[in-house]
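K.L.:
Take a look at this one; I'll ask things after.
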2 protein chains.
Amino acid sequence: LGNLYDKLVKYAQSDFYPYHMPGHKRQPLEGFSEHLTELDITEIEDFDNLHHAEGIILQAQQTVAEAYGVEESFFLVNGSTSGILSAVSAAVPFGGHLLISRNCHKSVFHAAYLRHLQLSYVYPKINQEFDICEAVTPDQVEEMLQCNTDIQAVLIVSPTYEGRIADVSGIAEVVHRRGIPLIVDEAHGAHLGFSEGFAKNSGRLGADLVINSVHKTLPAMTQTALLHCNGNLVSRDKLKRFLNIYQSSSPSYILMASIEQAVQTAAERGEMFQNFREEWMRMLQQLKKLQCIKIPAEATGGNAQDVGKLVISTKGTDMSGKQLADMLRNRYHLEMEMACETYVLAMFTIGDSREGFTRLTEALEEIDRDLCRKNKVGTGAFTETVEMMSYIDVTPDIPFFQAWDREKEFVNLYSSKGRLAGEFIHLYPPGTPIVVPGECITEEVINRINSCLKAGLEVQGVYKREGRTEPAVRCIIQAEICNDI
Amino acid sequence: LGNLYDKLVKYAQSDFYPYHMPGHKRQPLEGFSEHLTELDITEIEDFDNLHHAEGIILQAQQTVAEAYGVEESFFLVNGSTSGILSAVSAAVPFGGHLLISRNCHKSVFHAAYLRHLQLSYVYPKINQEFDICEAVTPDQVEEMLQCNTDIQAVLIVSPTYEGRIADVSGIAEVVHRRGIPLIVDEAHGAHLGFSEGFAKNSGRLGADLVINSVHKTLPAMTQTALLHCNGNLVSRDKLKRFLNIYQSSSPSYILMASIEQAVQTAAERGEMFQNFREEWMRMLQQLKKLQCIKIPAEATGGNAQDVGKLVISTKGTDMSGKQLADMLRNRYHLEMEMACETYVLAMFTIGDSREGFTRLTEALEEIDRDLCRKNKVGTGAFTETVEMMSYIDVTPDIPFFQAWDREKEFVNLYSSKGRLAGEFIHLYPPGTPIVVPGECITEEVINRINSCLKAGLEVQGVYKREGRTEPAVRCIIQAEICNDI
């Protein structure tokens, strides 16, 4: 398993002495109990160069490309963030026009800011039962492309944070009919396509550029990711240029080796996926019996919902998602991926043990019993007051990249109706924006933020000011009040 | 030692079960023999968020800022690259004018490309005895600022790759007289300012923004770095925005913990620096006696040359730097930091053992004896044919950021005289450009590249084409031939 890894181990065992970076010279770090730094080298002879790969790193990347069924793959040591920045920068000319699904990661907006892009949005449908975004559809993309014939590339998210999987091949067809490239932010789908019972990966379904976070759903170290490429709608030269720009010129060999190891594990250990899926199905059979806590029915199969992402809904009960997550942490020592008003999100991968499945199942069964008992005399507080906001289709008066650079002032959140946002406002995690700079702060936006704050969630872009009790947001100074509220 | 580290260890030892990223769930990676992944978590409750630090990461950053004597410090997990991109983007408005020392890292050019900056250069003097760049001086900077009153920030490199240290406080004075900020790329100086006998760090000498690679000269993992800030000439808000843009939204806690550990070691273990300096001085006393191989006299003290960077010159002998490095590797199993035509560069840090100093000393003594014996009947080949190129002060006809985007074609290197370069051409390492896109390829440039290729060095931006024996470079198509050759 793992050429790069083997080579690193072998080198660590040799008597070569380093007169080069890094400064720890492969000796144990002070206080660190392990010898991981034995493997932490720099671009020395025979170890290739990520930014100019022609040796062992190139080979490792080719092995990975084969595993995903794509033409070419690049290792990323600065996360999917660097893959998104590079893909968008290479696919759309400076000042160009990009169509994105509105629930995409902040890095997509950052790429648009750096490259002065015009953004148009596909708004995902909201699943009202579970307050989550559905994946965008080929029809939605087609409609936008018909209305905006100058769009130069399309970027969608699939799977979504909550595991909704788009019809990538249908969308690719719609996009390619216009001769423009499709970028899929598949950060949450590095595990796809390796085994029966899991959806295919976007690289095999016709996407031109695909970004995977290896660390998210495969056993790899945090900050590791991949960029896959197909076809010639995006220049590989430009892509390499931007990868070179957005990533450290001292990439970590430990991170790179971790990518190779994780993908080889995924490619060669089919039984791990089968065990994983069996444990998953067994757990879902139990969880479906819960009375007050709900899980989406789609979770049990089909290609529209990813195996591994478990939405646990408390909607209609006395308990918020945040409260459920706190209880799971404090009483059961179970730490969730994310909590919001009406649900928590738990993630499972091939790295999970049976213990992981049973402990959560048993905890939820116990909580559910308590919850149903109380709920009979409860208020159902979270049925009425908290509701997922549908995104509002607004055309901002000022392009986003300009708006973000404009002068700003603090405004009391509750008096900000009709003002133009000067900053992103988003819930973290997942970090997809409620409001983008230059967009109008509507009453719906204020209500949504208010309910998040009441539920004790972290809303970035909302400030507490000294000596003031009410929260504030930053708005563009002297900007005209918007009309479409 | 290390709050963040302690907290990670404690968490690893608890029975908390993760239903969140990363996918390995803190289990050992396949094939990896150590449990380093025990510490590899994501932004879970109570572990703060690098991009919105207000807890344990903020505290760690404050401790580091104190250690360097600066107002504020930021952890970087995407190397000094991300610090340079952020510093330049925040310090100069889009389309602005930046003065840089010409021997700076490619990330500075990348920042200028992203932000459409006009670049002016300070050309470092060349030390002809050792073929290395000297640090730039206050007078050189002053002269450029007098001629170009619209310059909005200055960026210099100190220490240089070869360890030359600039008069940062003198340069800061010159720059601040114009009310503009000074950025110091101190990637090679994270170890400065901690002990007697070492130069002060730039943060204490008046620089506004300073970038350190922690992994380069302190015992930290590859890809770790710091950005330090002083004063209000650069908006902290903007700085944070760009740090958020250029770095992964899933930053590695192992990398962050490694930064904290390394700086605490440096701050608390003064005796390590004293031992280091003693070993260094003892080695230099021996190396000064060499007859054919030369080391710079400044290496033995003073503030103009860094302790730890050893230039080992073969100029005037039969041996190229590359050949010396190959011999040190193959015969003695000693791996150098860098090799070029007439010298090799060896790096020492507080992480070195006595063995490291003695093995290199003894190897060089042996090689020197052989070399002097042969040299008496030798040709002195590397005295005549290889010479460091002085940088030529050219004003390109096309701004660099536009030139890099122009259409290009391959041109035989030896027929490229008078053409405009379409790409960077540089020696790796260190990766500072010989030619920047938009600049004229002069005869001197061609000779320089030719001698690098003859010496067997890696010149990026020079291509071998299938079926052709002569090397090629990529030039701008249909660009006017330049006159200033």
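All residue names refer to the structure tokens as shown: chains lettered A, B, ... in order, residues numbered from 1 in each chain, ligands numbered from 1 in order.
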Give me the residues within 7 Å of Lys309 in chain B as a PDB file with C-alpha atoms, in the first residue's frame, counting only C-alpha atoms and dropping any in the same chain fewer than 4 places off.
P.N.:
ATOM      1  CA  GLU B 162      21.273  32.513   1.681  1.00  0.00           C
ATOM      2  CA  GLY B 163      20.909  34.292   5.030  1.00  0.00           C
ATOM      3  CA  LEU B 345      23.429  25.810   0.724  1.00  0.00           C
ATOM      4  CA  ALA B 346      23.249  23.896   4.021  1.00  0.00           C
ATOM      5  CA  MET B 347      20.753  24.818   6.729  1.00  0.00           C
ATOM      6  CA  PHE B 348      21.229  24.405  10.480  1.00  0.00           C
TER       7      PHE B 348
END
K.L.:
Can you list, as JSON, numbers by chain, every protein, DNA or RNA residue that comes within 10 Å of Trp404 in chain B when you count only C-alpha atoms, leaving out same-chain residues fewer than 2 positions away?
P.N.:
{"B": [113, 398, 399, 400, 401, 402, 406, 407, 408, 421, 422, 423, 424, 436, 437, 438, 475, 476]}
K.L.:
Tell me which protein, DNA and RNA residues are within 12 Å of Ser195 in chain B, counting only C-alpha atoms, leaving out same-chain ones fewer than 5 positions away, and put them as a PyMOL selection string.
P.N.:
chain B and resi 67-68+200-201+266-277+307+350
K.L.:
Would you kindly return, as an mmCIF file with C-alpha atoms, in the first residue's frame, each protein, DNA or RNA residue with an atom no farther than 9 Å from any atom of Ser248 in chain B, considering only C-alpha atoms and excluding same-chain residues fewer than 5 positions away?
P.N.:
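Dumped everything to selection_32.cif:
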data_model
loop_
_atom_site.group_PDB
_atom_site.id
_atom_site.type_symbol
_atom_site.label_atom_id
_atom_site.label_comp_id
_atom_site.auth_asym_id
_atom_site.auth_seq_id
_atom_site.Cartn_x
_atom_site.Cartn_y
_atom_site.Cartn_z
ATOM 1 C CA VAL A 77 -2.752 20.359 0.638
ATOM 2 C CA ASN A 78 -4.804 23.502 1.258
ATOM 3 C CA GLY A 79 -8.147 21.750 1.351
ATOM 4 C CA SER A 80 -11.019 21.815 -1.097
ATOM 5 C CA THR A 81 -10.785 25.580 -0.677
ATOM 6 C CA SER A 82 -7.714 25.661 -2.925
ATOM 7 C CA SER A 107 -14.712 29.585 -1.147
ATOM 8 C CA GLN A 223 -6.772 19.673 4.989
ATOM 9 C CA VAL B 77 -1.569 26.441 7.668
ATOM 10 C CA ASN B 78 -0.938 27.128 3.981
#
K.L.:
Give me, as a compact mmCIF listing (two decimals) with all heavy atoms, in the first residue's frame, all polymer residues having an atom no more than 10 Å from Leu284 in chain B, counting only C-alpha atoms and skipping those fewer than 5 positions away in the same chain.
P.N.:
# COMPACT_ATOMS: atom_id res chain seq x y z
N GLU B 278 27.10 27.74 19.47
CA GLU B 278 28.45 27.24 19.78
C GLU B 278 28.89 26.18 18.76
O GLU B 278 30.02 26.21 18.27
CB GLU B 278 28.49 26.64 21.20
CG GLU B 278 28.63 27.71 22.27
CD GLU B 278 28.28 27.19 23.66
OE1 GLU B 278 28.43 25.96 23.89
OE2 GLU B 278 27.85 28.00 24.50
N GLU B 279 27.98 25.25 18.46
CA GLU B 279 28.32 24.21 17.47
C GLU B 279 28.62 24.86 16.12
O GLU B 279 29.55 24.45 15.40
CB GLU B 279 27.14 23.22 17.30
CG GLU B 279 26.82 22.38 18.52
CD GLU B 279 27.87 21.29 18.78
OE1 GLU B 279 28.78 21.10 17.94
OE2 GLU B 279 27.78 20.64 19.83
N LYS B 289 39.42 26.86 7.33
CA LYS B 289 40.76 26.37 6.95
C LYS B 289 40.77 25.69 5.59
O LYS B 289 41.83 25.34 5.08
CB LYS B 289 41.26 25.38 8.00
CG LYS B 289 41.42 25.97 9.40
CD LYS B 289 41.81 24.88 10.40
CE LYS B 289 41.62 25.34 11.84
NZ LYS B 289 41.51 24.20 12.77
N ILE B 295 33.86 29.49 2.31
CA ILE B 295 32.61 29.95 2.95
C ILE B 295 32.74 31.44 3.22
O ILE B 295 33.84 31.94 3.43
CB ILE B 295 32.32 29.19 4.27
CG1 ILE B 295 33.49 29.35 5.26
CG2 ILE B 295 32.05 27.71 4.02
CD1 ILE B 295 33.10 29.02 6.69
N PRO B 296 31.62 32.19 3.18
CA PRO B 296 31.71 33.64 3.37
C PRO B 296 32.21 33.98 4.77
O PRO B 296 31.83 33.35 5.75
CB PRO B 296 30.25 34.12 3.21
CG PRO B 296 29.55 33.02 2.49
CD PRO B 296 30.25 31.76 2.89
N ALA B 297 33.08 35.00 4.84
CA ALA B 297 33.65 35.41 6.12
C ALA B 297 32.56 35.91 7.07
O ALA B 297 32.62 35.68 8.28
CB ALA B 297 34.69 36.50 5.89
N ALA B 299 29.88 34.79 7.72
CA ALA B 299 29.15 33.73 8.39
C ALA B 299 29.52 33.62 9.86
O ALA B 299 28.75 33.11 10.67
CB ALA B 299 29.41 32.39 7.69
N THR B 300 30.67 34.13 10.21
CA THR B 300 31.12 33.96 11.59
C THR B 300 30.57 35.00 12.56
O THR B 300 30.91 34.98 13.73
CB THR B 300 32.66 33.97 11.67
OG1 THR B 300 33.13 35.09 10.93
CG2 THR B 300 33.23 32.69 11.09
N LEU B 310 24.50 28.19 5.68
CA LEU B 310 25.89 28.02 5.29
C LEU B 310 26.03 27.91 3.77
O LEU B 310 25.57 26.94 3.16
CB LEU B 310 26.48 26.76 5.95
CG LEU B 310 27.97 26.53 5.72
CD1 LEU B 310 28.81 27.63 6.37
CD2 LEU B 310 28.39 25.16 6.25
N PHE B 357 26.68 18.63 12.67
CA PHE B 357 27.78 19.56 12.42
C PHE B 357 29.06 18.82 12.03
O PHE B 357 29.74 19.17 11.08
CB PHE B 357 28.02 20.42 13.67
CG PHE B 357 26.92 21.41 13.92
CD1 PHE B 357 25.85 21.11 14.75
CD2 PHE B 357 26.95 22.66 13.32
CE1 PHE B 357 24.83 22.02 14.98
CE2 PHE B 357 25.94 23.59 13.55
CZ PHE B 357 24.87 23.27 14.37
N THR B 361 31.30 18.76 8.42
CA THR B 361 32.66 19.30 8.52
C THR B 361 33.67 18.29 7.98
O THR B 361 34.50 18.61 7.12
CB THR B 361 33.00 19.63 9.99
OG1 THR B 361 31.99 20.50 10.50
CG2 THR B 361 34.35 20.32 10.10
K.L.:
Compare B:Glu444, B:Asp237, B:Asp208, B:Glu470 by their minimum atom-to-atom distance to chain A, counting only C-alpha atoms, and give me the closest one.
P.N.:
B:Asp237
K.L.:
Name the residues of range 70-210 of chain A that fall into strand (DSSP E) according to DSSP on the backbone, using the chain letters and numbers of this document, as a ChimeraX atom specification.
P.N.:
/A:72-76,97-101,118-122,126-127,132-133,153-157,182-185,209-210
K.L.:
What would the file look like if the residues just selected were written as a PDB file, in the first residue's frame with N, CA and C atoms?
P.N.:
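Produced file result-v3.pdb, reproduced below:
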ATOM      1  N   GLU A  72      -7.205  13.226 -15.120  1.00  0.00           N
ATOM      2  CA  GLU A  72      -6.061  13.748 -14.368  1.00  0.00           C
ATOM      3  C   GLU A  72      -6.512  14.191 -12.981  1.00  0.00           C
ATOM      4  N   SER A  73      -5.681  13.959 -11.977  1.00  0.00           N
ATOM      5  CA  SER A  73      -6.001  14.378 -10.609  1.00  0.00           C
ATOM      6  C   SER A  73      -4.828  15.151 -10.026  1.00  0.00           C
ATOM      7  N   PHE A  74      -5.148  16.123  -9.187  1.00  0.00           N
ATOM      8  CA  PHE A  74      -4.118  16.890  -8.496  1.00  0.00           C
ATOM      9  C   PHE A  74      -4.322  16.785  -6.990  1.00  0.00           C
ATOM     10  N   PHE A  75      -3.232  16.556  -6.263  1.00  0.00           N
ATOM     11  CA  PHE A  75      -3.285  16.553  -4.799  1.00  0.00           C
ATOM     12  C   PHE A  75      -3.424  17.996  -4.301  1.00  0.00           C
ATOM     13  N   LEU A  76      -4.250  18.192  -3.290  1.00  0.00           N
ATOM     14  CA  LEU A  76      -4.405  19.512  -2.686  1.00  0.00           C
ATOM     15  C   LEU A  76      -4.027  19.443  -1.205  1.00  0.00           C
ATOM     16  N   HIS A  97     -18.754  35.487 -16.054  1.00  0.00           N
ATOM     17  CA  HIS A  97     -20.079  35.243 -15.483  1.00  0.00           C
ATOM     18  C   HIS A  97     -20.202  33.767 -15.109  1.00  0.00           C
ATOM     19  N   LEU A  98     -20.503  33.515 -13.844  1.00  0.00           N
ATOM     20  CA  LEU A  98     -20.552  32.151 -13.307  1.00  0.00           C
ATOM     21  C   LEU A  98     -21.924  31.880 -12.703  1.00  0.00           C
ATOM     22  N   LEU A  99     -22.474  30.713 -13.036  1.00  0.00           N
ATOM     23  CA  LEU A  99     -23.738  30.279 -12.417  1.00  0.00           C
ATOM     24  C   LEU A  99     -23.412  29.289 -11.304  1.00  0.00           C
ATOM     25  N   ILE A 100     -23.934  29.557 -10.097  1.00  0.00           N
ATOM     26  CA  ILE A 100     -23.647  28.651  -8.971  1.00  0.00           C
ATOM     27  C   ILE A 100     -24.930  28.301  -8.228  1.00  0.00           C
ATOM     28  N   SER A 101     -24.917  27.157  -7.558  1.00  0.00           N
ATOM     29  CA  SER A 101     -26.040  26.868  -6.674  1.00  0.00           C
ATOM     30  C   SER A 101     -25.845  27.703  -5.408  1.00  0.00           C
ATOM     31  N   GLN A 118     -19.258  38.048 -12.192  1.00  0.00           N
ATOM     32  CA  GLN A 118     -20.693  38.235 -11.985  1.00  0.00           C
ATOM     33  C   GLN A 118     -21.258  36.878 -11.575  1.00  0.00           C
ATOM     34  N   LEU A 119     -22.090  36.872 -10.540  1.00  0.00           N
ATOM     35  CA  LEU A 119     -22.668  35.611 -10.061  1.00  0.00           C
ATOM     36  C   LEU A 119     -24.161  35.554 -10.354  1.00  0.00           C
ATOM     37  N   SER A 120     -24.593  34.430 -10.896  1.00  0.00           N
ATOM     38  CA  SER A 120     -26.033  34.154 -10.947  1.00  0.00           C
ATOM     39  C   SER A 120     -26.268  32.888 -10.135  1.00  0.00           C
ATOM     40  N   TYR A 121     -27.484  32.765  -9.602  1.00  0.00           N
ATOM     41  CA  TYR A 121     -27.747  31.668  -8.672  1.00  0.00           C
ATOM     42  C   TYR A 121     -28.837  30.725  -9.144  1.00  0.00           C
ATOM     43  N   VAL A 122     -28.630  29.433  -8.891  1.00  0.00           N
ATOM     44  CA  VAL A 122     -29.715  28.459  -8.887  1.00  0.00           C
ATOM     45  C   VAL A 122     -30.082  28.265  -7.421  1.00  0.00           C
ATOM     46  N   ILE A 126     -36.224  23.862  -0.926  1.00  0.00           N
ATOM     47  CA  ILE A 126     -36.102  23.553   0.495  1.00  0.00           C
ATOM     48  C   ILE A 126     -37.044  22.392   0.831  1.00  0.00           C
ATOM     49  N   ASN A 127     -36.517  21.385   1.487  1.00  0.00           N
ATOM     50  CA  ASN A 127     -37.333  20.290   1.996  1.00  0.00           C
ATOM     51  C   ASN A 127     -37.930  20.757   3.325  1.00  0.00           C
ATOM     52  N   ILE A 132     -33.933  21.200   5.111  1.00  0.00           N
ATOM     53  CA  ILE A 132     -32.634  21.131   4.428  1.00  0.00           C
ATOM     54  C   ILE A 132     -32.788  21.464   2.941  1.00  0.00           C
ATOM     55  N   CYS A 133     -31.695  21.862   2.330  1.00  0.00           N
ATOM     56  CA  CYS A 133     -31.693  22.141   0.896  1.00  0.00           C
ATOM     57  C   CYS A 133     -31.670  20.828   0.124  1.00  0.00           C
ATOM     58  N   ALA A 153     -19.556  29.277 -17.094  1.00  0.00           N
ATOM     59  CA  ALA A 153     -19.326  28.009 -16.402  1.00  0.00           C
ATOM     60  C   ALA A 153     -20.400  27.849 -15.335  1.00  0.00           C
ATOM     61  N   VAL A 154     -20.606  26.600 -14.909  1.00  0.00           N
ATOM     62  CA  VAL A 154     -21.614  26.294 -13.885  1.00  0.00           C
ATOM     63  C   VAL A 154     -20.938  25.536 -12.752  1.00  0.00           C
ATOM     64  N   LEU A 155     -21.266  25.917 -11.524  1.00  0.00           N
ATOM     65  CA  LEU A 155     -20.733  25.202 -10.360  1.00  0.00           C
ATOM     66  C   LEU A 155     -21.882  24.762  -9.459  1.00  0.00           C
ATOM     67  N   ILE A 156     -21.933  23.474  -9.169  1.00  0.00           N
ATOM     68  CA  ILE A 156     -22.958  22.969  -8.240  1.00  0.00           C
ATOM     69  C   ILE A 156     -22.290  22.207  -7.090  1.00  0.00           C
ATOM     70  N   VAL A 157     -23.060  22.013  -6.020  1.00  0.00           N
ATOM     71  CA  VAL A 157     -22.599  21.233  -4.864  1.00  0.00           C
ATOM     72  C   VAL A 157     -23.314  19.905  -4.854  1.00  0.00           C
ATOM     73  N   LEU A 182     -18.694  22.219 -16.501  1.00  0.00           N
ATOM     74  CA  LEU A 182     -19.390  21.986 -15.229  1.00  0.00           C
ATOM     75  C   LEU A 182     -18.366  21.666 -14.147  1.00  0.00           C
ATOM     76  N   ILE A 183     -18.396  22.456 -13.081  1.00  0.00           N
ATOM     77  CA  ILE A 183     -17.552  22.207 -11.907  1.00  0.00           C
ATOM     78  C   ILE A 183     -18.447  21.629 -10.819  1.00  0.00           C
ATOM     79  N   VAL A 184     -18.050  20.499 -10.233  1.00  0.00           N
ATOM     80  CA  VAL A 184     -18.826  19.959  -9.116  1.00  0.00           C
ATOM     81  C   VAL A 184     -18.008  20.041  -7.833  1.00  0.00           C
ATOM     82  N   ASP A 185     -18.537  20.798  -6.878  1.00  0.00           N
ATOM     83  CA  ASP A 185     -17.965  20.798  -5.539  1.00  0.00           C
ATOM     84  C   ASP A 185     -18.453  19.531  -4.855  1.00  0.00           C
ATOM     85  N   LEU A 209     -14.621  19.463 -13.960  1.00  0.00           N
ATOM     86  CA  LEU A 209     -13.732  19.629 -12.813  1.00  0.00           C
ATOM     87  C   LEU A 209     -14.491  19.179 -11.566  1.00  0.00           C
ATOM     88  N   VAL A 210     -13.836  18.404 -10.721  1.00  0.00           N
ATOM     89  CA  VAL A 210     -14.477  17.890  -9.505  1.00  0.00           C
ATOM     90  C   VAL A 210     -13.521  18.082  -8.337  1.00  0.00           C
TER      91      VAL A 210
END
K.L.:
Work out how far apart CA of Lys315 in chain A and CA of Cys292 in chain A are and give it in Å to one decimal.
P.N.:
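Those two atoms sit 8.5 Å apart.
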K.L.:
Interatomic distance between CA of Glu439 in chain A and CA of Lys417 in chain A?
P.N.:
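Atom-to-atom, CA of Glu439 in chain A to CA of Lys417 in chain A, that is 11.3 Å.
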K.L.:
When you draw a straight line from CA of Ala172 in chain A to CA of Ala207 in chain A, how long is it in Å?
P.N.:
5.9 Å
K.L.:
Looking only at alpha helix (DSSP H) from DSSP on the backbone, list the matching residues of range 429-477 of chain B as a list in words.
P.N.:
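Matching residues, listed in order: Glu443, Glu444, Val445, Ile446, Asn447, Arg448, Ile449, Asn450, Ser451, Cys452, Leu453 and Lys454 of chain B.
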K.L.:
Quick one: of A:Glu458, A:Glu142, A:Glu173, A:Glu365, who's nearest to chain B, counting only C-alpha atoms?
P.N.:
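That would be A:Glu458, the residue with the smallest distance to chain B.
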K.L.:
Just checking: using only C-alpha atoms, which residue out of A:Gln152, A:Ser249, A:Leu287, A:Gly95 ends up closest to Pro429 in chain B?
P.N.:
A:Ser249
K.L.:
For chain B, which residue among A:Gly356, A:Gly170, A:Pro219, A:Pro93 is the nearest when counting only C-alpha atoms?
P.N.:
A:Pro219
K.L.:
Which residue, A:Met221, A:Val445, A:Ile151, A:Val459, has the smallest gap to chain B when you use only C-alpha atoms?
P.N.:
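The answer is A:Met221, which sits nearest to chain B.
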K.L.:
Can you tell me which residues surround Ala60 in chain A at a distance of at most 10 Å, considering only C-alpha atoms, apart from same-chain residues fewer than 2 positions away, and format the answer as a compact mmCIF listing (two decimals) with N, CA and C atoms, in the first residue's frame?
P.N.:
# COMPACT_ATOMS: atom_id res chain seq x y z
N GLY A 2 0.74 2.08 -1.07
CA GLY A 2 1.33 3.41 -1.00
C GLY A 2 2.81 3.50 -1.32
N ASN A 3 3.15 3.87 -2.53
CA ASN A 3 4.55 4.04 -2.91
C ASN A 3 5.21 5.19 -2.20
N LEU A 4 4.51 6.31 -2.21
CA LEU A 4 5.07 7.52 -1.61
C LEU A 4 5.32 7.24 -0.13
N ALA A 53 5.13 18.38 -10.86
CA ALA A 53 5.23 16.94 -10.61
C ALA A 53 5.66 16.18 -11.86
N GLY A 55 7.69 12.99 -11.04
CA GLY A 55 8.24 11.75 -10.49
C GLY A 55 7.21 11.03 -9.64
N ILE A 56 7.55 10.82 -8.39
CA ILE A 56 6.74 9.99 -7.52
C ILE A 56 5.38 10.62 -7.19
N ILE A 57 5.33 11.95 -7.15
CA ILE A 57 4.04 12.60 -6.89
C ILE A 57 3.14 12.48 -8.12
N LEU A 58 3.73 12.67 -9.30
CA LEU A 58 2.95 12.49 -10.53
C LEU A 58 2.38 11.07 -10.60
N GLN A 62 -1.50 9.91 -10.71
CA GLN A 62 -2.07 9.10 -11.79
C GLN A 62 -2.82 7.89 -11.23
N THR A 63 -2.28 7.29 -10.18
CA THR A 63 -2.98 6.17 -9.54
C THR A 63 -4.33 6.62 -9.00
N VAL A 64 -4.35 7.80 -8.41
CA VAL A 64 -5.58 8.34 -7.86
C VAL A 64 -6.58 8.63 -8.99
N ALA A 65 -6.10 9.21 -10.09
CA ALA A 65 -6.97 9.51 -11.23
C ALA A 65 -7.64 8.23 -11.74
N SER A 73 -5.68 13.96 -11.98
CA SER A 73 -6.00 14.38 -10.61
C SER A 73 -4.83 15.15 -10.03
N PHE A 74 -5.15 16.12 -9.19
CA PHE A 74 -4.12 16.89 -8.50
C PHE A 74 -4.32 16.79 -6.99
N PHE A 75 -3.23 16.56 -6.26
CA PHE A 75 -3.28 16.55 -4.80
C PHE A 75 -3.42 18.00 -4.30
N MET A 256 0.33 14.81 1.72
CA MET A 256 0.27 14.16 0.40
C MET A 256 0.24 12.64 0.54
N ALA A 257 1.08 12.11 1.42
CA ALA A 257 1.11 10.66 1.62
C ALA A 257 -0.24 10.18 2.17
N ILE A 259 -3.15 11.43 1.48
CA ILE A 259 -4.12 11.37 0.36
C ILE A 259 -3.97 10.05 -0.38
N GLU A 260 -2.74 9.73 -0.72
CA GLU A 260 -2.48 8.51 -1.48
C GLU A 260 -2.96 7.28 -0.70
N GLN A 261 -2.64 7.24 0.58
CA GLN A 261 -3.02 6.10 1.42
C GLN A 261 -4.54 5.93 1.49
N GLN A 264 -6.00 4.70 -1.82
CA GLN A 264 -5.68 3.28 -2.05
C GLN A 264 -6.51 2.39 -1.15
